[in-house]
>>> print(open('upload.cif').read())   # mmCIF, C-alpha atoms
data_run
loop_
_atom_site.label_atom_id
_atom_site.label_comp_id
_atom_site.auth_asym_id
_atom_site.auth_seq_id
_atom_site.Cartn_x
_atom_site.Cartn_y
_atom_site.Cartn_z
CA GLU A 1 174.23 103.79 199.99
CA ALA A 2 174.17 105.95 203.10
CA GLY A 3 175.26 104.30 206.33
CA VAL A 4 173.80 104.56 209.80
CA THR A 5 173.76 108.15 210.99
CA GLN A 6 173.61 109.43 214.56
CA SER A 7 173.13 112.81 216.14
CA PRO A 8 174.45 114.68 217.92
CA THR A 9 178.12 113.65 217.71
CA HIS A 10 178.80 114.99 221.18
CA LEU A 11 176.54 115.78 224.11
CA ILE A 12 177.42 117.31 227.45
CA LYS A 13 174.94 117.08 230.31
CA THR A 14 174.98 117.40 234.07
CA ARG A 15 173.89 114.81 236.62
CA GLY A 16 170.13 114.42 236.86
CA GLN A 17 169.41 115.80 233.39
CA GLN A 18 167.93 113.88 230.48
CA ALA A 19 169.71 113.06 227.23
CA THR A 20 168.13 112.26 223.86
CA LEU A 21 170.16 110.55 221.16
CA ARG A 22 168.99 109.92 217.61
CA CYS A 23 169.71 107.31 214.97
CA SER A 24 168.75 106.78 211.33
CA PRO A 25 169.27 103.24 210.02
CA ILE A 26 170.46 102.11 206.61
CA SER A 27 167.66 102.29 204.07
CA GLY A 28 165.75 98.99 204.05
CA HIS A 29 166.82 98.00 207.56
CA THR A 30 163.96 97.72 210.03
CA SER A 31 165.90 96.65 213.12
CA VAL A 32 167.76 99.17 215.22
CA TYR A 33 170.04 98.33 218.12
CA TRP A 34 171.59 100.53 220.77
CA TYR A 35 174.88 99.74 222.50
CA GLN A 36 176.86 101.49 225.20
CA GLN A 37 180.66 101.55 224.92
CA ALA A 38 182.04 102.72 228.22
CA LEU A 39 185.74 102.97 228.88
CA GLY A 40 187.16 99.62 229.88
CA LEU A 41 183.83 97.79 229.55
CA GLY A 42 183.49 97.11 225.84
CA LEU A 43 180.24 97.27 223.93
CA GLN A 44 177.18 96.39 225.98
CA PHE A 45 173.82 95.66 224.37
CA LEU A 46 171.14 98.16 225.44
CA LEU A 47 168.00 97.87 223.33
CA TRP A 48 166.61 96.34 220.15
CA TYR A 49 163.71 97.83 218.16
CA ASP A 50 161.97 96.41 215.16
CA GLU A 51 158.84 97.59 213.37
CA GLY A 52 158.26 100.22 216.02
CA GLU A 53 158.34 97.81 218.94
CA GLU A 54 160.91 97.24 221.65
CA ARG A 55 161.90 93.60 221.14
CA ASN A 56 164.42 93.20 223.90
CA ARG A 57 166.67 95.07 226.27
CA GLY A 58 169.97 94.41 227.94
CA ASN A 59 170.84 94.60 231.61
CA PHE A 60 170.29 98.33 232.02
CA PRO A 61 167.92 100.21 234.36
CA PRO A 62 164.53 101.51 233.14
CA ARG A 63 165.83 105.08 232.91
CA PHE A 64 167.34 103.92 229.62
CA SER A 65 164.47 103.87 227.16
CA GLY A 66 163.72 104.67 223.58
CA ARG A 67 161.41 104.34 220.68
CA GLN A 68 161.35 103.64 216.98
CA PHE A 69 159.43 105.79 214.55
CA PRO A 70 157.41 104.70 211.48
CA ASN A 71 160.38 105.58 209.23
CA TYR A 72 162.50 103.17 211.36
CA SER A 73 164.65 105.90 212.87
CA SER A 74 165.12 105.62 216.59
CA GLU A 75 165.65 107.67 219.69
CA LEU A 76 167.43 106.69 222.91
CA ASN A 77 166.49 108.55 226.06
CA VAL A 78 168.50 108.45 229.23
CA ASN A 79 166.79 109.97 232.26
CA ALA A 80 168.27 111.04 235.58
CA LEU A 81 171.79 110.99 234.18
CA GLU A 82 174.57 109.63 236.34
CA LEU A 83 178.31 110.19 235.97
CA GLU A 84 178.82 106.55 234.94
CA ASP A 85 176.50 107.06 231.95
CA SER A 86 179.39 108.87 230.25
CA ALA A 87 180.17 106.70 227.25
CA LEU A 88 179.99 106.34 223.50
CA TYR A 89 176.46 105.32 222.50
CA LEU A 90 176.38 103.36 219.28
CA CYS A 91 173.41 102.63 217.10
CA ALA A 92 173.39 99.73 214.65
CA SER A 93 170.89 98.52 212.10
CA SER A 94 170.15 95.30 210.23
CA TYR A 95 167.53 93.46 208.25
CA VAL A 96 165.17 91.71 210.66
CA ASP A 97 166.02 88.29 209.21
CA ASN A 98 169.78 88.90 209.38
CA GLN A 99 170.23 90.25 212.86
CA GLU A 100 173.78 88.98 213.21
CA THR A 101 175.02 91.35 210.52
CA GLN A 102 174.75 94.71 212.21
CA TYR A 103 176.14 97.92 210.77
CA PHE A 104 177.14 100.64 213.19
CA GLY A 105 176.92 104.39 213.11
CA PRO A 106 179.69 106.70 214.32
CA GLY A 107 178.18 107.06 217.78
CA THR A 108 177.23 109.86 220.14
CA ARG A 109 179.74 110.65 222.84
CA LEU A 110 177.87 111.56 226.02
CA LEU A 111 179.69 113.28 228.84
CA VAL A 112 177.93 113.67 232.18
CA LEU A 113 179.42 116.26 234.52
CA GLN B 1 184.20 83.66 233.60
CA LYS B 2 183.37 86.27 230.96
CA GLU B 3 181.44 85.05 227.93
CA VAL B 4 184.03 86.47 225.53
CA GLU B 5 187.68 87.07 226.35
CA GLN B 6 189.96 89.13 224.15
CA ASP B 7 193.53 90.20 224.88
CA PRO B 8 193.43 94.02 224.91
CA GLY B 9 197.02 94.35 223.75
CA PRO B 10 198.31 96.76 222.76
CA LEU B 11 199.91 94.95 219.84
CA SER B 12 202.58 96.73 217.83
CA VAL B 13 203.97 95.24 214.60
CA PRO B 14 206.09 96.47 211.68
CA GLU B 15 204.49 97.10 208.31
CA GLY B 16 204.20 93.91 206.27
CA ALA B 17 203.94 91.61 209.30
CA ILE B 18 201.30 88.94 209.71
CA VAL B 19 198.99 89.83 212.58
CA SER B 20 197.08 87.29 214.63
CA LEU B 21 194.16 88.41 216.79
CA ASN B 22 192.24 86.00 218.98
CA CYS B 23 189.18 85.57 221.16
CA THR B 24 188.01 82.75 223.38
CA TYR B 25 184.47 82.21 224.56
CA SER B 26 182.57 80.12 227.02
CA ASN B 27 179.06 79.92 225.54
CA SER B 28 178.92 76.86 223.28
CA ALA B 29 175.63 78.12 221.81
CA PHE B 30 177.37 80.88 219.84
CA GLN B 31 177.02 80.15 216.13
CA TYR B 32 177.81 83.44 214.41
CA PHE B 33 181.21 85.06 214.73
CA MET B 34 182.15 88.53 213.60
CA TRP B 35 185.18 90.76 213.55
CA TYR B 36 184.80 94.51 213.64
CA ARG B 37 187.43 97.20 213.15
CA GLN B 38 187.08 100.44 215.07
CA TYR B 39 189.20 103.46 214.31
CA SER B 40 189.70 106.00 217.06
CA ARG B 41 186.54 107.97 217.80
CA LYS B 42 184.55 106.11 215.14
CA GLY B 43 181.89 103.39 215.17
CA PRO B 44 182.81 99.73 214.59
CA GLU B 45 183.01 98.58 210.97
CA LEU B 46 182.05 95.00 210.11
CA LEU B 47 185.09 93.22 208.63
CA MET B 48 184.35 89.52 208.63
CA TYR B 49 181.33 87.33 209.34
CA THR B 50 181.48 83.56 209.79
CA TYR B 51 178.83 81.01 210.55
CA SER B 52 179.84 77.99 212.66
CA SER B 53 183.33 76.49 212.31
CA GLY B 54 185.77 76.94 209.47
CA ASN B 55 187.78 79.55 207.64
CA LYS B 56 186.79 82.57 205.61
CA GLU B 57 189.12 84.70 203.54
CA ASP B 58 188.60 88.21 202.22
CA GLY B 59 191.64 89.84 200.66
CA ARG B 60 194.33 90.20 203.30
CA PHE B 61 191.99 89.06 206.08
CA THR B 62 191.30 85.48 207.17
CA ALA B 63 188.86 84.54 209.92
CA GLN B 64 189.04 81.14 211.61
CA VAL B 65 186.55 79.57 213.98
CA ASP B 66 187.28 76.48 216.05
CA LYS B 67 184.09 75.68 217.94
CA SER B 68 185.58 72.60 219.58
CA SER B 69 188.16 74.81 221.29
CA LYS B 70 185.83 77.83 221.59
CA TYR B 71 188.49 79.92 219.89
CA ILE B 72 188.34 82.36 216.99
CA SER B 73 191.10 84.15 215.15
CA LEU B 74 191.59 86.95 212.66
CA PHE B 75 194.74 87.01 210.57
CA ILE B 76 195.90 90.07 208.70
CA ARG B 77 198.53 89.50 206.03
CA ASP B 78 200.88 92.19 204.75
CA SER B 79 199.70 94.57 207.46
CA GLN B 80 199.56 98.26 206.61
CA PRO B 81 199.65 101.38 208.79
CA SER B 82 196.01 101.93 207.79
CA ASP B 83 195.18 98.69 209.65
CA SER B 84 196.03 100.45 212.92
CA ALA B 85 192.79 100.32 214.90
CA THR B 86 191.00 98.43 217.65
CA TYR B 87 189.73 95.03 216.54
CA LEU B 88 186.62 93.69 218.22
CA CYS B 89 185.37 90.15 218.09
CA ALA B 90 181.62 89.61 218.42
CA MET B 91 179.44 86.53 218.68
CA SER B 92 175.78 85.68 218.48
CA VAL B 93 173.43 82.80 219.18
CA SER B 94 171.48 83.41 215.97
CA ASN B 95 169.60 86.34 217.42
CA TYR B 96 169.67 90.06 217.93
CA LYS B 97 172.22 90.25 220.70
CA LEU B 98 175.89 90.52 219.82
CA THR B 99 178.32 89.80 222.63
CA PHE B 100 181.58 91.63 222.15
CA GLY B 101 185.12 91.19 223.35
CA LYS B 102 186.75 94.29 224.77
CA GLY B 103 188.92 94.77 221.71
CA THR B 104 192.61 94.56 220.83
CA LEU B 105 194.46 97.77 219.99
CA LEU B 106 196.74 97.20 216.98
CA THR B 107 199.43 99.58 215.75
CA VAL B 108 201.24 98.89 212.47
CA ASN B 109 204.45 100.88 212.28
CA PRO B 110 205.74 102.12 208.87
#
>>> encode(input="upload.cif", output="structure tokens")
Amino acid sequence: EAGVTQSPTHLIKTRGQQATLRCSPISGHTSVYWYQQALGLGLQFLLWYDEGEERNRGNFPPRFSGRQFPNYSSELNVNALELEDSALYLCASSYVDNQETQYFGPGTRLLVL
Amino acid sequence: QKEVEQDPGPLSVPEGAIVSLNCTYSNSAFQYFMWYRQYSRKGPELLMYTYSSGNKEDGRFTAQVDKSSKYISLFIRDSQPSDSATYLCAMSVSNYKLTFGKGTLLTVNP
């Protein structure tokens, strides 16, 4: 069974640009979660999508947004990039009735210069 | 006070040692407790999952939850160099949001 996949593996942007990160969940999982893992801060919950809808978001500004497609894959968009957005962005997926058991992808490492 | 506290280490042990990793938490509503292993430059891998208090064993790994003390532990027996990684504890109040500790960096020396 294929795991959660993410693309690209690395992304380099400059301040003010936009970044788009992509995630494909495990087959059968409808819930997709996005986390930010910044140096020294640990994993911080960003967004949760299920059945194409944003269900909840963490304490991040509105320039962090995303969407979930009919095939349950997801996209995270970060607008007006700031230096402190440099981090590993992790996507996880789960069954909607087993949200505590989340399986993570390898992440996208975003560097903002 | 942070919701989840985890000693960042680093922790260095010889091969074959018993490793003890711990987290404390402040939110008494947490009911689900997880341990993840994260190798360098990789995503976290779910190791253990426990509901409420008690022990759970899986091979060389044992997870313990003491809700009265708000304290969880992961024990690794007969540690191997391949266990060298960052170990993250995570907790949930039966919903979507996992709250993570910052992770403990473990090195097992051959």
>>> interface_residues(input="upload.cif", of="chain B", to="chain A", cutoff="12 Å", atoms="all atoms listed in the file", output="JSON list (two decimals) with C-alpha atoms, in the coordinates of the input")
[["chain", "number", "residue", "atom", "x", "y", "z"],
["B", 2, "LYS", "CA", 183.37, 86.27, 230.96],
["B", 4, "VAL", "CA", 184.03, 86.47, 225.53],
["B", 5, "GLU", "CA", 187.68, 87.07, 226.35],
["B", 6, "GLN", "CA", 189.96, 89.13, 224.15],
["B", 8, "PRO", "CA", 193.43, 94.02, 224.91],
["B", 30, "PHE", "CA", 177.37, 80.88, 219.84],
["B", 31, "GLN", "CA", 177.02, 80.15, 216.13],
["B", 32, "TYR", "CA", 177.81, 83.44, 214.41],
["B", 33, "PHE", "CA", 181.21, 85.06, 214.73],
["B", 34, "MET", "CA", 182.15, 88.53, 213.60],
["B", 35, "TRP", "CA", 185.18, 90.76, 213.55],
["B", 36, "TYR", "CA", 184.80, 94.51, 213.64],
["B", 37, "ARG", "CA", 187.43, 97.20, 213.15],
["B", 38, "GLN", "CA", 187.08, 100.44, 215.07],
["B", 39, "TYR", "CA", 189.20, 103.46, 214.31],
["B", 40, "SER", "CA", 189.70, 106.00, 217.06],
["B", 41, "ARG", "CA", 186.54, 107.97, 217.80],
["B", 42, "LYS", "CA", 184.55, 106.11, 215.14],
["B", 43, "GLY", "CA", 181.89, 103.39, 215.17],
["B", 44, "PRO", "CA", 182.81, 99.73, 214.59],
["B", 45, "GLU", "CA", 183.01, 98.58, 210.97],
["B", 46, "LEU", "CA", 182.05, 95.00, 210.11],
["B", 47, "LEU", "CA", 185.09, 93.22, 208.63],
["B", 48, "MET", "CA", 184.35, 89.52, 208.63],
["B", 49, "TYR", "CA", 181.33, 87.33, 209.34],
["B", 50, "THR", "CA", 181.48, 83.56, 209.79],
["B", 51, "TYR", "CA", 178.83, 81.01, 210.55],
["B", 86, "THR", "CA", 191.00, 98.43, 217.65],
["B", 87, "TYR", "CA", 189.73, 95.03, 216.54],
["B", 88, "LEU", "CA", 186.62, 93.69, 218.22],
["B", 89, "CYS", "CA", 185.37, 90.15, 218.09],
["B", 90, "ALA", "CA", 181.62, 89.61, 218.42],
["B", 91, "MET", "CA", 179.44, 86.53, 218.68],
["B", 92, "SER", "CA", 175.78, 85.68, 218.48],
["B", 93, "VAL", "CA", 173.43, 82.80, 219.18],
["B", 94, "SER", "CA", 171.48, 83.41, 215.97],
["B", 95, "ASN", "CA", 169.60, 86.34, 217.42],
["B", 96, "TYR", "CA", 169.67, 90.06, 217.93],
["B", 97, "LYS", "CA", 172.22, 90.25, 220.70],
["B", 98, "LEU", "CA", 175.89, 90.52, 219.82],
["B", 99, "THR", "CA", 178.32, 89.80, 222.63],
["B", 100, "PHE", "CA", 181.58, 91.63, 222.15],
["B", 101, "GLY", "CA", 185.12, 91.19, 223.35],
["B", 102, "LYS", "CA", 186.75, 94.29, 224.77],
["B", 103, "GLY", "CA", 188.92, 94.77, 221.71],
["B", 104, "THR", "CA", 192.61, 94.56, 220.83]]
>>> resolve_selection(input="upload.cif", expression="the PyMOL selection byres ((chain A and resi 79) around 8)", output="ChimeraX atom specification")
/A:16-19,63-64,77-78,80-81
>>> resolve_selection(input="upload.cif", expression="the PyMOL selection byres ((chain B and resi 16-20) around 8)", output="list in words")
Val13, Pro14, Glu15, Leu21, Asn22, Ser73, Leu74, Phe75, Ile76, Arg77, Asp78, Ser79 and Gln80 of chain B
>>> atom_distance(input="upload.cif", atom1="CA of Asp50 in chain A", atom2="CA of Ala38 in chain A")
24.8 Å
>>> atom_distance(input="upload.cif", atom1="CA of Ser53 in chain B", atom2="CA of Cys23 in chain B")
14.0 Å
>>> closest_residue(input="upload.cif", among="B:Ile72, B:Leu11, B:Val65, B:Leu105", to="Thr24 in chain B", atoms="only C-alpha atoms")
B:Ile72
